Structure formats: C-alpha cells, structure tokens
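Chemist: Just protein-v8.cif, nothing more (mmCIF, C-alpha atoms and all ligand atoms):
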```cif
data_structure
#
loop_
_atom_site.group_PDB
_atom_site.id
_atom_site.type_symbol
_atom_site.label_atom_id
_atom_site.label_comp_id
_atom_site.auth_asym_id
_atom_site.auth_seq_id
_atom_site.Cartn_x
_atom_site.Cartn_y
_atom_site.Cartn_z
ATOM 1 C CA MET A 3 28.871 12.670 10.509
ATOM 2 C CA SER A 4 27.434 16.085 11.159
ATOM 3 C CA ARG A 5 24.578 17.066 8.897
ATOM 4 C CA ARG A 6 23.108 20.555 8.690
ATOM 5 C CA LYS A 7 19.625 20.479 10.203
ATOM 6 C CA ILE A 8 16.601 21.393 8.123
ATOM 7 C CA VAL A 9 13.170 22.450 9.388
ATOM 8 C CA ALA A 10 10.467 22.962 6.773
ATOM 9 C CA GLY A 11 6.947 24.322 7.199
ATOM 10 C CA ASN A 12 4.239 22.709 5.089
ATOM 11 C CA TRP A 13 1.417 25.232 5.187
ATOM 12 C CA LYS A 14 -0.803 22.936 3.082
ATOM 13 C CA MET A 15 -3.951 24.712 1.778
ATOM 14 C CA ASN A 16 -4.109 27.202 4.662
ATOM 15 C CA LEU A 17 -3.870 30.942 5.320
ATOM 16 C CA ASP A 18 -4.639 33.747 2.902
ATOM 17 C CA ARG A 19 -2.238 36.030 1.071
ATOM 18 C CA ALA A 20 -1.961 38.670 3.812
ATOM 19 C CA LYS A 21 -1.555 36.091 6.583
ATOM 20 C CA GLY A 22 1.002 34.188 4.533
ATOM 21 C CA ARG A 23 3.019 37.346 3.950
ATOM 22 C CA ASP A 24 2.888 38.255 7.662
ATOM 23 C CA LEU A 25 3.967 34.772 8.729
ATOM 24 C CA ALA A 26 6.881 34.801 6.267
ATOM 25 C CA LEU A 27 7.944 38.265 7.447
ATOM 26 C CA ALA A 28 7.834 37.110 11.087
ATOM 27 C CA VAL A 29 9.886 33.968 10.404
ATOM 28 C CA ALA A 30 12.414 35.901 8.302
ATOM 29 C CA ALA A 31 12.800 38.599 10.967
ATOM 30 C CA ARG A 32 13.543 35.989 13.654
ATOM 31 C CA SER A 33 15.483 33.406 11.629
ATOM 32 C CA ALA A 34 18.673 34.100 13.613
ATOM 33 C CA GLU A 35 17.003 32.357 16.578
ATOM 34 C CA ALA A 36 17.585 29.089 14.742
ATOM 35 C CA ALA A 37 21.185 29.654 13.732
ATOM 36 C CA GLY A 38 22.708 26.791 11.794
ATOM 37 C CA VAL A 39 19.324 25.378 10.739
ATOM 38 C CA ASP A 40 18.045 25.566 7.170
ATOM 39 C CA LEU A 41 14.527 27.018 7.365
ATOM 40 C CA VAL A 42 12.161 26.380 4.466
ATOM 41 C CA LEU A 43 8.636 27.727 3.988
ATOM 42 C CA CYS A 44 6.297 25.798 1.698
ATOM 43 C CA PRO A 45 3.181 27.921 1.142
ATOM 44 C CA PRO A 46 0.354 27.060 -1.257
ATOM 45 C CA ALA A 47 1.455 27.517 -4.894
ATOM 46 C CA ALA A 48 -0.852 30.526 -5.205
ATOM 47 C CA TYR A 49 1.183 32.398 -2.582
ATOM 48 C CA LEU A 50 4.729 31.384 -3.555
ATOM 49 C CA GLU A 51 5.396 34.752 -5.145
ATOM 50 C CA THR A 52 4.012 36.729 -2.174
ATOM 51 C CA VAL A 53 5.969 34.663 0.343
ATOM 52 C CA GLY A 54 9.086 34.779 -1.829
ATOM 53 C CA SER A 55 9.002 38.555 -1.902
ATOM 54 C CA ALA A 56 8.351 38.729 1.860
ATOM 55 C CA LEU A 57 11.504 36.636 2.302
ATOM 56 C CA GLY A 58 13.340 39.126 0.108
ATOM 57 C CA LEU A 59 14.219 36.422 -2.381
ATOM 58 C CA SER A 60 16.264 37.523 -5.300
ATOM 59 C CA GLY A 61 16.755 34.497 -7.527
ATOM 60 C CA SER A 62 16.883 31.800 -4.887
ATOM 61 C CA THR A 63 18.966 33.664 -2.315
ATOM 62 C CA SER A 64 17.372 35.233 0.700
ATOM 63 C CA PRO A 65 18.955 37.770 3.058
ATOM 64 C CA SER A 66 17.263 36.083 6.037
ATOM 65 C CA GLY A 67 18.514 32.649 4.963
ATOM 66 C CA VAL A 68 14.914 31.367 4.909
ATOM 67 C CA THR A 69 14.205 29.589 1.634
ATOM 68 C CA LEU A 70 11.102 28.729 -0.295
ATOM 69 C CA GLY A 71 9.655 25.360 -1.308
ATOM 70 C CA GLY A 72 6.710 24.016 -3.265
ATOM 71 C CA GLN A 73 4.291 21.458 -1.807
ATOM 72 C CA THR A 74 4.143 19.380 -4.988
ATOM 73 C CA MET A 75 4.799 19.694 -8.715
ATOM 74 C CA HIS A 76 4.238 17.846 -11.987
ATOM 75 C CA ASP A 77 7.068 15.728 -13.321
ATOM 76 C CA LYS A 78 6.950 17.334 -16.779
ATOM 77 C CA ALA A 79 8.711 20.600 -17.524
ATOM 78 C CA GLY A 80 5.642 22.073 -19.247
ATOM 79 C CA GLY A 81 2.697 21.288 -21.499
ATOM 80 C CA ALA A 82 -1.025 20.516 -21.454
ATOM 81 C CA PHE A 83 -1.490 19.638 -17.779
ATOM 82 C CA THR A 84 -4.310 21.872 -16.574
ATOM 83 C CA GLY A 85 -3.896 23.104 -13.016
ATOM 84 C CA GLU A 86 -0.385 21.744 -12.535
ATOM 85 C CA VAL A 87 2.881 23.479 -11.674
ATOM 86 C CA ALA A 88 6.080 22.589 -13.573
ATOM 87 C CA PRO A 89 9.493 22.254 -11.893
ATOM 88 C CA PRO A 90 11.021 25.214 -13.802
ATOM 89 C CA MET A 91 8.078 27.369 -12.645
ATOM 90 C CA LEU A 92 8.960 26.627 -9.018
ATOM 91 C CA VAL A 93 12.568 27.546 -9.767
ATOM 92 C CA ASP A 94 11.395 30.717 -11.487
ATOM 93 C CA LEU A 95 9.497 31.700 -8.318
ATOM 94 C CA GLY A 96 12.646 31.288 -6.223
ATOM 95 C CA CYS A 97 11.983 27.816 -4.800
ATOM 96 C CA ARG A 98 14.955 25.743 -3.743
ATOM 97 C CA TYR A 99 12.927 22.811 -2.402
ATOM 98 C CA VAL A 100 9.811 20.828 -3.243
ATOM 99 C CA ILE A 101 7.908 18.378 -1.038
ATOM 100 C CA LEU A 102 7.164 15.172 -2.961
ATOM 101 C CA GLY A 103 5.031 12.160 -2.079
ATOM 102 C CA HIS A 104 3.438 13.691 1.015
ATOM 103 C CA SER A 105 0.959 11.182 2.454
ATOM 104 C CA GLU A 106 -1.926 13.487 1.473
ATOM 105 C CA ARG A 107 -0.686 13.390 -2.136
ATOM 106 C CA ARG A 108 -0.310 9.621 -1.927
ATOM 107 C CA THR A 109 -3.710 8.894 -0.372
ATOM 108 C CA LEU A 110 -5.925 11.707 -1.741
ATOM 109 C CA PHE A 111 -4.332 12.232 -5.149
ATOM 110 C CA GLY A 112 -3.178 8.717 -6.026
ATOM 111 C CA GLU A 113 0.570 9.340 -6.072
ATOM 112 C CA THR A 114 2.405 6.037 -6.319
ATOM 113 C CA ASP A 115 6.080 5.394 -5.680
ATOM 114 C CA ALA A 116 6.585 5.398 -9.466
ATOM 115 C CA ILE A 117 5.051 8.881 -9.737
ATOM 116 C CA VAL A 118 7.106 10.128 -6.782
ATOM 117 C CA ASN A 119 10.190 8.644 -8.445
ATOM 118 C CA ALA A 120 9.505 10.480 -11.733
ATOM 119 C CA LYS A 121 8.930 13.735 -9.842
ATOM 120 C CA THR A 122 12.084 13.268 -7.773
ATOM 121 C CA LYS A 123 14.159 12.874 -10.930
ATOM 122 C CA SER A 124 12.576 15.951 -12.553
ATOM 123 C CA ALA A 125 13.037 18.042 -9.415
ATOM 124 C CA LEU A 126 16.737 17.185 -9.352
ATOM 125 C CA ALA A 127 17.050 17.866 -13.086
ATOM 126 C CA ALA A 128 15.495 21.307 -12.531
ATOM 127 C CA GLY A 129 17.913 22.074 -9.691
ATOM 128 C CA LEU A 130 15.371 21.673 -6.882
ATOM 129 C CA THR A 131 16.030 19.722 -3.699
ATOM 130 C CA PRO A 132 13.253 17.168 -3.308
ATOM 131 C CA ILE A 133 11.916 16.447 0.189
ATOM 132 C CA VAL A 134 10.693 12.891 -0.387
ATOM 133 C CA CYS A 135 8.084 11.732 2.139
ATOM 134 C CA VAL A 136 7.542 8.162 3.276
ATOM 135 C CA GLY A 137 5.659 6.626 6.176
ATOM 136 C CA GLU A 138 3.328 3.847 7.253
ATOM 137 C CA THR A 139 -0.349 3.981 8.219
ATOM 138 C CA LEU A 140 -1.571 2.934 11.672
ATOM 139 C CA GLU A 141 -2.942 -0.287 10.223
ATOM 140 C CA GLU A 142 0.437 -1.092 8.680
ATOM 141 C CA ARG A 143 2.283 -0.340 11.940
ATOM 142 C CA GLU A 144 -0.111 -2.478 13.961
ATOM 143 C CA ALA A 145 0.341 -5.321 11.494
ATOM 144 C CA GLY A 146 4.121 -5.122 12.035
ATOM 145 C CA ARG A 147 4.643 -3.944 8.451
ATOM 146 C CA THR A 148 6.366 -0.585 9.103
ATOM 147 C CA ASP A 149 9.799 -1.708 7.900
ATOM 148 C CA ALA A 150 8.436 -3.418 4.786
ATOM 149 C CA VAL A 151 6.271 -0.419 3.828
ATOM 150 C CA VAL A 152 9.007 2.159 4.361
ATOM 151 C CA THR A 153 11.546 -0.034 2.557
ATOM 152 C CA ALA A 154 9.283 -0.341 -0.483
ATOM 153 C CA GLN A 155 8.579 3.413 -0.499
ATOM 154 C CA ILE A 156 12.267 4.321 -0.264
ATOM 155 C CA ARG A 157 13.318 1.803 -2.942
ATOM 156 C CA GLY A 158 10.456 2.827 -5.252
ATOM 157 C CA SER A 159 10.623 6.590 -4.757
ATOM 158 C CA LEU A 160 14.402 6.780 -5.098
ATOM 159 C CA ALA A 161 14.921 4.101 -7.758
ATOM 160 C CA GLY A 162 17.550 4.806 -10.393
ATOM 161 C CA LEU A 163 19.137 7.822 -8.703
ATOM 162 C CA SER A 164 22.911 8.075 -8.878
ATOM 163 C CA ALA A 165 24.921 8.519 -5.693
ATOM 164 C CA VAL A 166 25.464 12.179 -6.622
ATOM 165 C CA GLU A 167 21.699 12.679 -6.979
ATOM 166 C CA LEU A 168 20.858 10.753 -3.804
ATOM 167 C CA GLU A 169 23.181 12.945 -1.792
ATOM 168 C CA LYS A 170 21.056 15.981 -2.730
ATOM 169 C CA VAL A 171 17.750 14.461 -1.604
ATOM 170 C CA VAL A 172 16.104 15.161 1.746
ATOM 171 C CA VAL A 173 13.948 12.306 3.077
ATOM 172 C CA ALA A 174 11.027 12.966 5.431
ATOM 173 C CA TYR A 175 9.802 10.075 7.569
ATOM 174 C CA GLU A 176 6.194 10.887 8.357
ATOM 175 C CA PRO A 177 4.157 8.115 9.962
ATOM 176 C CA VAL A 178 0.675 8.726 8.568
ATOM 177 C CA TRP A 179 -0.917 8.068 11.978
ATOM 178 C CA ALA A 180 1.063 10.974 13.435
ATOM 179 C CA ILE A 181 0.191 13.575 10.795
ATOM 180 C CA GLY A 182 -2.260 16.179 12.062
ATOM 181 C CA THR A 183 -3.414 13.846 14.847
ATOM 182 C CA GLY A 184 -1.456 15.192 17.807
ATOM 183 C CA LYS A 185 0.057 11.671 18.198
ATOM 184 C CA VAL A 186 3.789 12.117 17.755
ATOM 185 C CA ALA A 187 5.972 9.049 17.287
ATOM 186 C CA SER A 188 8.149 8.473 20.330
ATOM 187 C CA PRO A 189 11.755 9.542 19.778
ATOM 188 C CA GLN A 190 12.713 5.824 19.865
ATOM 189 C CA GLN A 191 10.063 4.842 17.295
ATOM 190 C CA ALA A 192 11.193 7.650 15.013
ATOM 191 C CA GLN A 193 14.915 6.914 15.480
ATOM 192 C CA GLU A 194 14.383 3.218 14.653
ATOM 193 C CA VAL A 195 12.806 4.035 11.294
ATOM 194 C CA HIS A 196 15.329 6.801 10.555
ATOM 195 C CA ALA A 197 18.155 4.296 11.143
ATOM 196 C CA LEU A 198 16.423 1.831 8.826
ATOM 197 C CA ILE A 199 16.089 4.530 6.150
ATOM 198 C CA ARG A 200 19.758 5.449 6.487
ATOM 199 C CA SER A 201 20.812 1.856 6.082
ATOM 200 C CA LEU A 202 18.580 1.519 3.004
ATOM 201 C CA LEU A 203 20.147 4.665 1.565
ATOM 202 C CA GLY A 204 23.513 3.053 2.233
ATOM 203 C CA SER A 205 22.480 0.048 0.193
ATOM 204 C CA LEU A 206 21.338 2.320 -2.663
ATOM 205 C CA ALA A 207 24.597 4.286 -2.680
ATOM 206 C CA SER A 208 27.230 3.840 0.034
ATOM 207 C CA ALA A 209 27.471 4.338 3.781
ATOM 208 C CA GLU A 210 29.396 7.540 3.103
ATOM 209 C CA VAL A 211 26.635 8.988 0.904
ATOM 210 C CA ALA A 212 23.922 7.804 3.316
ATOM 211 C CA GLY A 213 25.760 9.588 6.099
ATOM 212 C CA LYS A 214 25.332 12.881 4.259
ATOM 213 C CA ILE A 215 21.608 12.585 3.492
ATOM 214 C CA ARG A 216 19.293 14.540 5.749
ATOM 215 C CA ILE A 217 16.269 12.707 7.143
ATOM 216 C CA GLN A 218 13.513 14.807 8.690
ATOM 217 C CA TYR A 219 10.815 13.540 11.026
ATOM 218 C CA GLY A 220 7.256 14.772 10.493
ATOM 219 C CA GLY A 221 4.033 14.142 12.370
ATOM 220 C CA SER A 222 2.628 16.403 15.084
ATOM 221 C CA VAL A 223 5.991 18.017 15.862
ATOM 222 C CA LYS A 224 5.501 20.851 18.347
ATOM 223 C CA PRO A 225 7.944 23.043 20.299
ATOM 224 C CA ASP A 226 7.433 20.863 23.385
ATOM 225 C CA ASN A 227 8.297 17.530 21.730
ATOM 226 C CA ALA A 228 10.953 18.735 19.259
ATOM 227 C CA ALA A 229 13.925 18.654 21.643
ATOM 228 C CA ASP A 230 13.587 14.912 22.357
ATOM 229 C CA LEU A 231 13.407 14.192 18.629
ATOM 230 C CA ALA A 232 16.308 16.536 17.846
ATOM 231 C CA VAL A 233 18.792 14.595 19.994
ATOM 232 C CA GLN A 234 18.243 11.341 18.106
ATOM 233 C CA PRO A 235 21.317 10.541 16.008
ATOM 234 C CA ASP A 236 19.497 10.019 12.702
ATOM 235 C CA ILE A 237 16.878 12.800 12.974
ATOM 236 C CA ASP A 238 18.169 15.792 11.044
ATOM 237 C CA GLY A 239 15.226 18.146 11.262
ATOM 238 C CA ALA A 240 11.470 18.300 10.975
ATOM 239 C CA LEU A 241 8.755 18.639 8.386
ATOM 240 C CA VAL A 242 6.078 20.590 10.209
ATOM 241 C CA GLY A 243 2.420 20.951 9.285
ATOM 242 C CA GLY A 244 0.036 22.538 11.806
ATOM 243 C CA ALA A 245 2.721 24.107 13.995
ATOM 244 C CA SER A 246 4.282 25.854 11.002
ATOM 245 C CA LEU A 247 1.283 28.192 10.791
ATOM 246 C CA LYS A 248 2.442 30.162 13.845
ATOM 247 C CA ALA A 249 5.845 31.862 13.844
ATOM 248 C CA ASP A 250 6.362 31.197 17.568
ATOM 249 C CA ASP A 251 5.712 27.474 17.205
ATOM 250 C CA PHE A 252 7.692 27.055 13.988
ATOM 251 C CA LEU A 253 10.677 28.913 15.415
ATOM 252 C CA GLY A 254 10.359 27.064 18.721
ATOM 253 C CA ILE A 255 10.761 23.790 16.807
ATOM 254 C CA ALA A 256 13.623 25.181 14.734
ATOM 255 C CA ARG A 257 15.434 26.334 17.908
ATOM 256 C CA ALA A 258 15.305 22.770 19.224
ATOM 257 C CA PHE A 259 17.360 21.687 16.211
ATOM 258 C CA SER A 260 19.761 24.634 16.462
ATOM 259 C CA GLY A 261 23.201 24.566 18.019
HETATM 260 C C1 LIG A 301 2.713 17.165 7.544
HETATM 261 O O1 LIG A 301 1.631 17.220 7.011
HETATM 262 O O2 LIG A 301 3.741 17.071 6.848
HETATM 263 C C2 LIG A 301 2.758 17.198 8.996
HETATM 264 C C3 LIG A 301 3.827 16.728 9.574
HETATM 265 O O3 LIG A 301 1.655 17.716 9.639
HETATM 266 P P1 LIG A 301 1.497 17.959 11.232
HETATM 267 O O4 LIG A 301 2.777 18.587 11.714
HETATM 268 O O5 LIG A 301 0.323 18.876 11.356
HETATM 269 O O6 LIG A 301 1.274 16.616 11.847
#
```
What does the file become when written as structure tokens?

Modeler:
Amino acid sequence: MSRRKIVAGNWKMNLDRAKGRDLALAVAARSAEAAGVDLVLCPPAAYLETVGSALGLSGSTSPSGVTLGGQTMHDKAGGAFTGEVAPPMLVDLGCRYVILGHSERRTLFGETDAIVNAKTKSALAAGLTPIVCVGETLEEREAGRTDAVVTAQIRGSLAGLSAVELEKVVVAYEPVWAIGTGKVASPQQAQEVHALIRSLLGSLASAEVAGKIRIQYGGSVKPDNAADLAVQPDIDGALVGGASLKADDFLGIARAFSG
C-alpha cells in the first residue's frame, strides 16, 4: 500500500511575525525539492494569517503545494471560550490540518483522550484533517508499558469514528522522551510502534482502511536521521518541532521522505 508522505512543521510558540513570514516564503519557494510529499506548516495561531498569505493561500489551495495547519483548537464551533480558536476559524484562515493531543497539550494543558476525541470529531466535521498525537513517556517505556499506553491513547482518541472518518485522520507517534531532547527513537523502535498503531487502526476499521492511514513519527527528527526513519514500512512522514524552524533542516527532512 503506497501512502503519500506528509511532513509537518510544528513551530510551537516560536518566531515572530517577520521570521515566520520569511520561513514560510523560503519553504514555499523550495517545496519542489520534496516532490510527492505533503508539506504542512503549523505556526502559532497569531501568525496563521501571515503565514497563509506568504504561502499564497487562496481558500485552502496554495500554488506552492505547502499547506497550513493549526497547533490546537477548541472542540466547539464558537461561543464563550476566552482565548480559544474554533475549528471554523482555522478553516477560515486557510488551514487544512490541525495538530491535536500533542504531548505538550496533554501534559501542560490537561488534554485527556476524551478531549482529544471530541476535538478530532469536530475537526473532521469542520473539514480539517486532524494530526492526532500519541506517545509514551520515558517512565512508561522503561516500565514496559509502551504498547498499553499507545493502545489506550489510540482507542480513546479515535473512539466512535467511522471507517470513512478514520481514513482521513493522520496519526503522529511521538515518544515523549524523544521530543525536543535530541534522543530520536531508533528506526526499529519507531517501526515497532507504528506497526502496532496500524494493527490497532485495523481493529477499529479494517486492514484496508488502516493501510491508507498515514502515521508520522515525531521526536528529534533531523535531516541526518530522517532517511533511516523514512525507509521503515509503516513510517509515512514526520512531525517536526525544532528542526522545522530552519528551512534547510525542514526541507532536508522532507527530501528524505521524497521519491
Ligand atoms: C514535536 O514537538 O512535535 C516534536 C517532534 O519536537 P522536536 O522535533 O523538537 O523533538
């Protein structure tokens, strides 16, 4: 089953407006280097409009093929939720994707699987592709609980989705101990969990649907370790934090998944 690769940059709460615009312009100008890979930029919400216009977005289509994503959103479509961003607002700004359940949202902002599940359903209802993040902590890995933790996160975060909805989801496996630490999972460690996730997705829908769902790896991906990850059969791209803040590094990773 050949799945189109997807490399997304999670800028987190970094850069300023001018630097964000310049980075988006640089990635857009060189996107052909990563032919065949879906490139997604996820800037802070405050800069979505600036980055969207640097990408030349009109509606959600971009001449460079680089698309825009949010880093989080509320599950409600609007209302009295001070400081939050609603799914239709992301759509309005030209977003096609939204990262949900990132480990920083789970650990620092109390997002549970039930919350991630509600957000995933609202993202799909709004026409956004959710990038649903799961992953174990170091303590959980060392206690031999990786499979149990990831299984519970997948079942909880994706509960109640139809096969048609599941097929639209992107899953990101991000071991928490590898995020921002410089400690990348070995290609074998990552592949093992990706294969587990694909078999879980199969049990939620069917092997055919699971075979179409893209599963990204995230956690200290850099241009020099991306190629070994990219050749693993169940790794369909990367969710990139730190290295997405430099066009050379982000595109270097994307090239590893190209072709
Ligand atoms: C992330 O936060 O999603 C991430 C993968 O970060 P980094 O690449 O910096 O480890």

Chemist: Here is a test: counting only C-alpha atoms and all ligand atoms, which residue of A:Lys123, A:Arg157, A:Arg108, A:His196 is nearest to ligand LIG 301 (chain A)?

Modeler: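 Using only C-alpha atoms and all ligand atoms, the shortest distance to ligand LIG 301 (chain A) belongs to A:Arg108.
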
Chemist: Around ligand LIG 301 (chain A), out to 8 Å and counting all atoms listed in the file, which residues are there? I want them as a list in words.

Modeler: Gly11, Asn12, Lys14, His104, Ser105, Glu106, Glu176, Ala180, Ile181, Gly182, Thr183, Gly184, Val186, Tyr219, Gly220, Gly221, Ser222, Val223, Lys224, Ala240, Leu241, Val242, Gly243, Gly244, Ala245 and Ser246 of chain A

Chemist: What gap, in Å, lies between CA of Pro45 (chain A) and CA of Val118 (chain A)?

Modeler: 19.9 Å

Chemist: Quick one: everything within 9 Å of Val39 (chain A), counting all atoms listed in the file, minus sequence neighbours fewer than 3 positions away in the same chain. Send it as a PyMOL selection string.

Modeler: chain A and resi 6-9+33+36+239+256-257+259-261

Chemist: Kindly save the residues from that selection, with C-alpha atoms included, as an mmCIF file, in the frame of the given file.

Modeler:
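Dumped everything to out37.cif:
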```cif
data_model
loop_
_atom_site.group_PDB
_atom_site.id
_atom_site.type_symbol
_atom_site.label_atom_id
_atom_site.label_comp_id
_atom_site.auth_asym_id
_atom_site.auth_seq_id
_atom_site.Cartn_x
_atom_site.Cartn_y
_atom_site.Cartn_z
ATOM 1 C CA ARG A 6 23.108 20.555 8.690
ATOM 2 C CA LYS A 7 19.625 20.479 10.203
ATOM 3 C CA ILE A 8 16.601 21.393 8.123
ATOM 4 C CA VAL A 9 13.170 22.450 9.388
ATOM 5 C CA SER A 33 15.483 33.406 11.629
ATOM 6 C CA ALA A 36 17.585 29.089 14.742
ATOM 7 C CA GLY A 239 15.226 18.146 11.262
ATOM 8 C CA ALA A 256 13.623 25.181 14.734
ATOM 9 C CA ARG A 257 15.434 26.334 17.908
ATOM 10 C CA PHE A 259 17.360 21.687 16.211
ATOM 11 C CA SER A 260 19.761 24.634 16.462
ATOM 12 C CA GLY A 261 23.201 24.566 18.019
#
```

Chemist: On this structure, which residues satisfy the PyMOL selection byres (((chain A and resi 225) around 6) and not hetatm), written as a list of chain:residue names?

Modeler: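 What the PyMOL selection byres (((chain A and resi 225) around 6) and not hetatm) grabs from the file is A:Lys224, A:Asp226, A:Asn227, A:Ala228, A:Asp251, A:Gly254, A:Ile255.
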
Chemist: Write the selection just made, keeping C-alpha atoms, as an mmCIF file, in the coordinates of the input?

Modeler:
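Output file again27.cif is given in full below:
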```cif
data_model
loop_
_atom_site.group_PDB
_atom_site.id
_atom_site.type_symbol
_atom_site.label_atom_id
_atom_site.label_comp_id
_atom_site.auth_asym_id
_atom_site.auth_seq_id
_atom_site.Cartn_x
_atom_site.Cartn_y
_atom_site.Cartn_z
ATOM 1 C CA LYS A 224 5.501 20.851 18.347
ATOM 2 C CA ASP A 226 7.433 20.863 23.385
ATOM 3 C CA ASN A 227 8.297 17.530 21.730
ATOM 4 C CA ALA A 228 10.953 18.735 19.259
ATOM 5 C CA ASP A 251 5.712 27.474 17.205
ATOM 6 C CA GLY A 254 10.359 27.064 18.721
ATOM 7 C CA ILE A 255 10.761 23.790 16.807
#
```

Chemist: Counting all atoms listed in the file, what are the residues of region 156-217 of chain A within 10 Å of region 142-147 of chain A, and for each of them which pair of atoms is the nearest and at what distance in Å, to one decimal? Sort the table by chain and rising number, as JSON lines.

Modeler:
```
{"residue": "A:Pro177", "atom": "CA", "partner": "A:Arg143", "partner_atom": "CA", "distance": 8.9}
{"residue": "A:Val178", "atom": "CA", "partner": "A:Arg143", "partner_atom": "CA", "distance": 9.8}
{"residue": "A:Trp179", "atom": "CA", "partner": "A:Arg143", "partner_atom": "CA", "distance": 9.0}
```
